[in-house]
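Participant: Let me give you the structure first, and then I'll get to my questions.
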Amino acid sequence: MVKITIDGRQVDAEDEQTILSVAQREGIEIPTLCKHEAVKPLGTCRVCMVEVVQDGKSRSVASCIFKAKEGMEVKTDSDVAKEARINAVQTLLERAPNSQVVQDMATRLGVQDVSTTSTSTEKCIQCTLCVRICEDIVGVSAIAMVKTENGRKVAANPKNKTLTCIGCGSCAYACPTGNIEMIDADGIRTIKNWDGKFEIAKCKTCGNYLAPQVQLDHIKNTYGIDVDVAVCRSCSA
Amino acid sequence: MEKYGLYTPRVAPQKEYFAAGHRACVGCGEMLAVRLVCKALGKETIVINSTGCIEIVSSLFPDTSWEVPWMHTLFENSAAVASGVESAIKVMQRKGKYADGKVNVVAMGGDGATLDIGMQALSGAMERGHDFVYVCYDNEAYMNTGIQRSSATPYGAMTTTSPPGKKSIGQQTWKKDMPAIAVAHNIPYVATASPAYPFDLMEKVKKAAATKGPAYLQIFSPCPTGWRSAGEISVKLARLAVETGAFPLYEVENGKYNLTMDFEKLRPITDYMKPQGRYRHLTESDIVLIEKKLHEQVQELRDKSSR
Ligand SMILES: Cc1ncc(C[n+]2csc(CCOP(=O)(O)OP(=O)(O)O)c2C)c(N)n1
Ligand code: SF4
Ligand code: SF4
Ligand code: FES
Ligand SMILES: [Mg+2]
């Protein structure tokens with residue numbers, strides 16, 4: 001247990017607890033984009049910046065990864081904190097000028113003009129959340145950040161010989177900017193970003209669409225569940 | 001089929017704003033729906049709740065299930081109270097007396113509160129264009145006072161005030177098409193949802209909350225007590241209602257219809273009706289008639305969606 005001051009309040013924090021988590025417990029709002037409760041935070045988007053004063057020195061840190069230390073003073077609403085967030089979101093605006101989420105965040109953080117002259121259609125802020133989720137939660141490491149002429153983008157993991165994506169959509173669901181496009185049409189699921197095409201299996205009994213075949217195979221192979229997964233829940237007893 | 005299925009639940013938000021330990025019946029589909037709605041809305045939300053099961057089971061003094069600000073209204077006026085809350089926030093924000101930022105103002109009521117006694121208040125609120133969400137939890141009768149029929153009760157269903165007998169089939173009118181009435185108000189967002197499709201439901205709630213202006217949601221809410229069905233099959237019944245066409249899932253954005261869940265072949269309506277005591281008295285020809293009507297309604301929605 002450590003004692004810290006946050007926005008003038010004396011509060012307790014667990015050892016190793018992040019500033020963001022203390023703030024959330026205290027009802028103090030800090031914006032976030034790349035933080036997701038299911039995976040370890042990585043501090044890539046930096047919109048969660050706060051000012052920290054330690055031993056008389058002030059600096060700004062990403063609150064989703066920075067841990068509370070005894071005697072630390074945290075200011076979530078100071079000029080230093082606000083400026084750090086604005087700088088962060090401006091970087092994101094450059095990376096992803098087409099993202100409504102980033103534009104809204106910029107407006108919320110006080111950026112006056114969020115318009116861009118860029119013709120880029122990019123929505124990805126390169127936060128790597130999708131990559132972390134695919135690796136840690138789904139366990140197939142199907143995607144990775146790869147270099148392009150102007151930065152990095154999410155693509156099929158070059159370390160794999162073939163696409164290992166099972167079309168589960170966990171990445172699309174969690175992506176804070178809606179950059180991953182997943183569409184179901186005519187029995188085929190498509191993920192545009194890495195040309196994933198997945199046939200959707202039909203229920204053997206009623207013929208309604210059930211789930212992508214690769215997902216059913218993956219469950220069988222990974223968990224050894226030997227039930228007949230090709231029957232939908234309404235048809236199985 | 002729901003797009004986000006087998007794996008995505010692991011990355012869905014864990015935080016609940018409608019706590020367990022309420023006094024609803026075992027297997028209540030309505031409280032499951034409330035829980036999902038609150039999960040999707042998140043912390044910056046004020047709930048204005050009509051009298052009905054939801055209010056009763058969630059607020060037994062001195063306890064509460066609500067982890068967001070919650071206000072109980074009369075049976076009929078949640079939409080009117082929500083109008084006031086929304087206007088007050090707007091004025092106070094203008095005067096600098098209320099924190100900036102978006103607050104979801106959400107009125108909630110049962111089908112009785114919405115389609116019957118509260119429709120006037122709701123119509124007025126939609127017409128005035130308040131920035132709010134109205135959620136109707138449709139368990140197809142006045143359940144809290146003991147299963148009286150409402151205008152959402154389906155044709156043929158038994159309730160205590162639509163008893164079947166020699167001269168009556170049970171409920172004698174077809175279910176009132178409330179989403180169409182909401183659409184007729186020219187509001188920007190209308191949708192139906194079901195707790196059997198939790199991701200679809202949460203997406204629709206988020207869309208409704210993000211909509212500027214009024215949004216209307218009608219959520220299917222299986223009621224084991226009122227439907228005379230087993231508590232453990234509520235989610236299955238909710239799914240079968242969609243798969244048979246008894247409660248199609250669709251959304252209407254700025255007047256444009258989109259059937260969000262469609263099937264190459266609808267299941268026979270008996271799959272859905274058989275496990276429910278409220279339909280036990282129906283004859284084969286009654287069922288044929290009902291099935292025909294439901295299929296026509298789904299086809300109408302398909303036609304509107306393709307326009
Ligand atoms: C003006 C008025 N009439 C009648 C009642 C009694 N009453 C309380 S809840 C309720 C039925 C609620 O039905 P519904 O809105 O469908 O919600 P449910 O309980 O089914 O969730 C009634 C009739 C009341 N509270 N106020
Ligand atoms: S696709 Fe989405 S989650 Fe993945 S890096 Fe880009 S913004 Fe982040
Ligand atoms: S859809 Fe593919 S890339 Fe995305 S999390 Fe699932 S397996 Fe990984
Ligand atoms: S939320 Fe902390 S860096 Fe993105
Ligand atoms: Mg009701």
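Residue numbering restarts at 1 for every chain of the structure tokens, chains are lettered A, B, ... in their displayed order, and ligands are numbered from 1 as they appear.
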Name each residue within 7 Å of ligand 3, counting only C-alpha atoms and all ligand atoms, as a count of residues only.

Facilitator: 17

Participant: Can you tell me which residues come within 12 Å of ligand 5 when counting only C-alpha atoms and all ligand atoms, ideally as an MDAnalysis selection string?

Facilitator: chainID B and resid 28:31 50:55 75 108:117 136:153 159 218:223 225:227

Participant: Would you mind exporting the chosen residues as an mmCIF file, in the first residue's frame, restricted to C-alpha atoms?

Facilitator:
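Output saved as result_25.cif:
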```
data_model
loop_
_atom_site.group_PDB
_atom_site.id
_atom_site.type_symbol
_atom_site.label_atom_id
_atom_site.label_comp_id
_atom_site.auth_asym_id
_atom_site.auth_seq_id
_atom_site.Cartn_x
_atom_site.Cartn_y
_atom_site.Cartn_z
ATOM 1 C CA CYS B 28 -36.225 -13.221 -16.096
ATOM 2 C CA GLY B 29 -35.315 -12.115 -19.626
ATOM 3 C CA GLU B 30 -36.226 -8.523 -18.864
ATOM 4 C CA MET B 31 -33.504 -8.099 -16.212
ATOM 5 C CA SER B 50 -41.542 3.812 -15.334
ATOM 6 C CA THR B 51 -43.348 1.726 -12.766
ATOM 7 C CA GLY B 52 -43.266 -1.946 -13.633
ATOM 8 C CA CYS B 53 -41.285 -5.082 -12.856
ATOM 9 C CA ILE B 54 -37.891 -3.449 -13.459
ATOM 10 C CA GLU B 55 -38.484 -0.732 -10.898
ATOM 11 C CA PHE B 75 -46.411 4.321 -14.832
ATOM 12 C CA MET B 108 -37.122 2.829 -19.632
ATOM 13 C CA GLY B 109 -40.486 1.172 -19.356
ATOM 14 C CA GLY B 110 -42.349 -2.052 -19.955
ATOM 15 C CA ASP B 111 -44.634 -2.671 -22.922
ATOM 16 C CA GLY B 112 -47.660 -1.535 -20.897
ATOM 17 C CA ALA B 113 -45.898 1.653 -19.881
ATOM 18 C CA THR B 114 -44.783 2.269 -23.461
ATOM 19 C CA LEU B 115 -47.378 1.023 -25.935
ATOM 20 C CA ASP B 116 -50.401 1.774 -23.750
ATOM 21 C CA ILE B 117 -50.462 4.309 -20.946
ATOM 22 C CA CYS B 136 -39.172 -0.474 -24.087
ATOM 23 C CA TYR B 137 -38.740 -3.901 -22.487
ATOM 24 C CA ASP B 138 -41.360 -5.994 -24.196
ATOM 25 C CA ASN B 139 -42.532 -8.998 -22.151
ATOM 26 C CA GLU B 140 -45.872 -8.784 -23.900
ATOM 27 C CA ALA B 141 -48.152 -8.073 -20.928
ATOM 28 C CA TYR B 142 -48.511 -6.150 -17.648
ATOM 29 C CA MET B 143 -46.460 -8.635 -15.685
ATOM 30 C CA ASN B 144 -45.860 -6.730 -12.497
ATOM 31 C CA THR B 145 -49.550 -6.588 -11.596
ATOM 32 C CA GLY B 146 -50.271 -10.185 -12.571
ATOM 33 C CA ILE B 147 -50.196 -10.819 -16.318
ATOM 34 C CA GLN B 148 -52.863 -8.538 -17.773
ATOM 35 C CA ARG B 149 -52.932 -8.115 -21.556
ATOM 36 C CA SER B 150 -51.361 -5.076 -23.187
ATOM 37 C CA SER B 151 -51.410 -3.951 -26.813
ATOM 38 C CA ALA B 152 -48.065 -5.758 -27.176
ATOM 39 C CA THR B 153 -49.585 -9.121 -26.243
ATOM 40 C CA THR B 159 -53.277 -13.613 -20.112
ATOM 41 C CA GLN B 218 -37.855 -2.216 -28.246
ATOM 42 C CA ILE B 219 -36.223 -5.174 -26.562
ATOM 43 C CA PHE B 220 -37.757 -8.620 -26.398
ATOM 44 C CA SER B 221 -37.962 -9.788 -22.772
ATOM 45 C CA PRO B 222 -39.009 -13.382 -22.056
ATOM 46 C CA CYS B 223 -41.068 -13.699 -18.862
ATOM 47 C CA THR B 225 -43.881 -16.369 -14.985
ATOM 48 C CA GLY B 226 -46.234 -14.695 -17.440
ATOM 49 C CA TRP B 227 -45.553 -16.953 -20.381
#
```

Participant: Taking only C-alpha atoms into account, find every residue of chain A that has an atom no more than 8 Å from chain B, and write it out as a ChimeraX atom specification.

Facilitator: /A:37-38,137-138,168-170,173-174,184,206-211,234

Participant: From a backbone DSSP assignment, name each residue in region 26-176 of chain A labelled strand (DSSP E or B), as a PyMOL selection string.

Facilitator: chain A and resi 49-54+57-62+67+73-75+143-148+151-156

Participant: What's around Asn150 (chain A) at 12 Å? Count only C-alpha atoms, leave out sequence neighbours fewer than 5 positions away in its own chain, and write the answer as a list of chain:residue names.

Facilitator: A:Glu94, A:Arg95, A:Ala96, A:Ser120, A:Glu122, A:Gln126

Participant: Do you know which residues are at most 10 Å from Ala107 (chain B) counting only C-alpha atoms, after dropping those on the same chain fewer than 3 positions away, and could you put them as a ChimeraX atom specification?

Facilitator: /B:46-50,70-73,77-83,104,122,132-136,216

Participant: Determine, counting only C-alpha atoms, which protein, DNA and RNA residues have an atom within 9 Å of an atom of Thr270 (chain B); residues of the same chain fewer than 5 positions away are not included. Present the result as a PDB file with C-alpha atoms, in the first residue's frame.

Facilitator:
```pdb
ATOM      1  CA  THR B 244     -39.394 -18.048 -36.198  1.00  0.00           C
ATOM      2  CA  PRO B 275     -42.642 -24.532 -24.591  1.00  0.00           C
ATOM      3  CA  ILE B 287     -51.197 -21.678 -35.449  1.00  0.00           C
ATOM      4  CA  GLU B 291     -47.464 -18.294 -38.722  1.00  0.00           C
TER       5      GLU B 291
END
```

Participant: Using only C-alpha atoms and all ligand atoms, find each residue of chain A with at least one atom at most 6 Å away from an atom of ligand 4; report its shortest atom-to-atom pair and that distance in Å (one decimal), sort the rows by chain and rising residue number, and return the result as a tab-separated table.

Facilitator:
```
residue	atom	partner	partner_atom_place_in_ligand_line	distance
A:Thr32	CA	ligand 4	1 (S)	3.8
A:Leu33	CA	ligand 4	1 (S)	4.8
A:Cys34	CA	ligand 4	4 (Fe)	4.0
A:Lys35	CA	ligand 4	1 (S)	4.4
A:Gly43	CA	ligand 4	3 (S)	3.3
A:Thr44	CA	ligand 4	3 (S)	4.5
A:Cys45	CA	ligand 4	4 (Fe)	3.8
A:Arg46	CA	ligand 4	3 (S)	3.6
A:Val47	CA	ligand 4	4 (Fe)	5.6
A:Cys48	CA	ligand 4	2 (Fe)	4.5
A:Ala62	CA	ligand 4	2 (Fe)	5.2
A:Ser63	CA	ligand 4	2 (Fe)	5.8
A:Cys64	CA	ligand 4	2 (Fe)	4.3
```
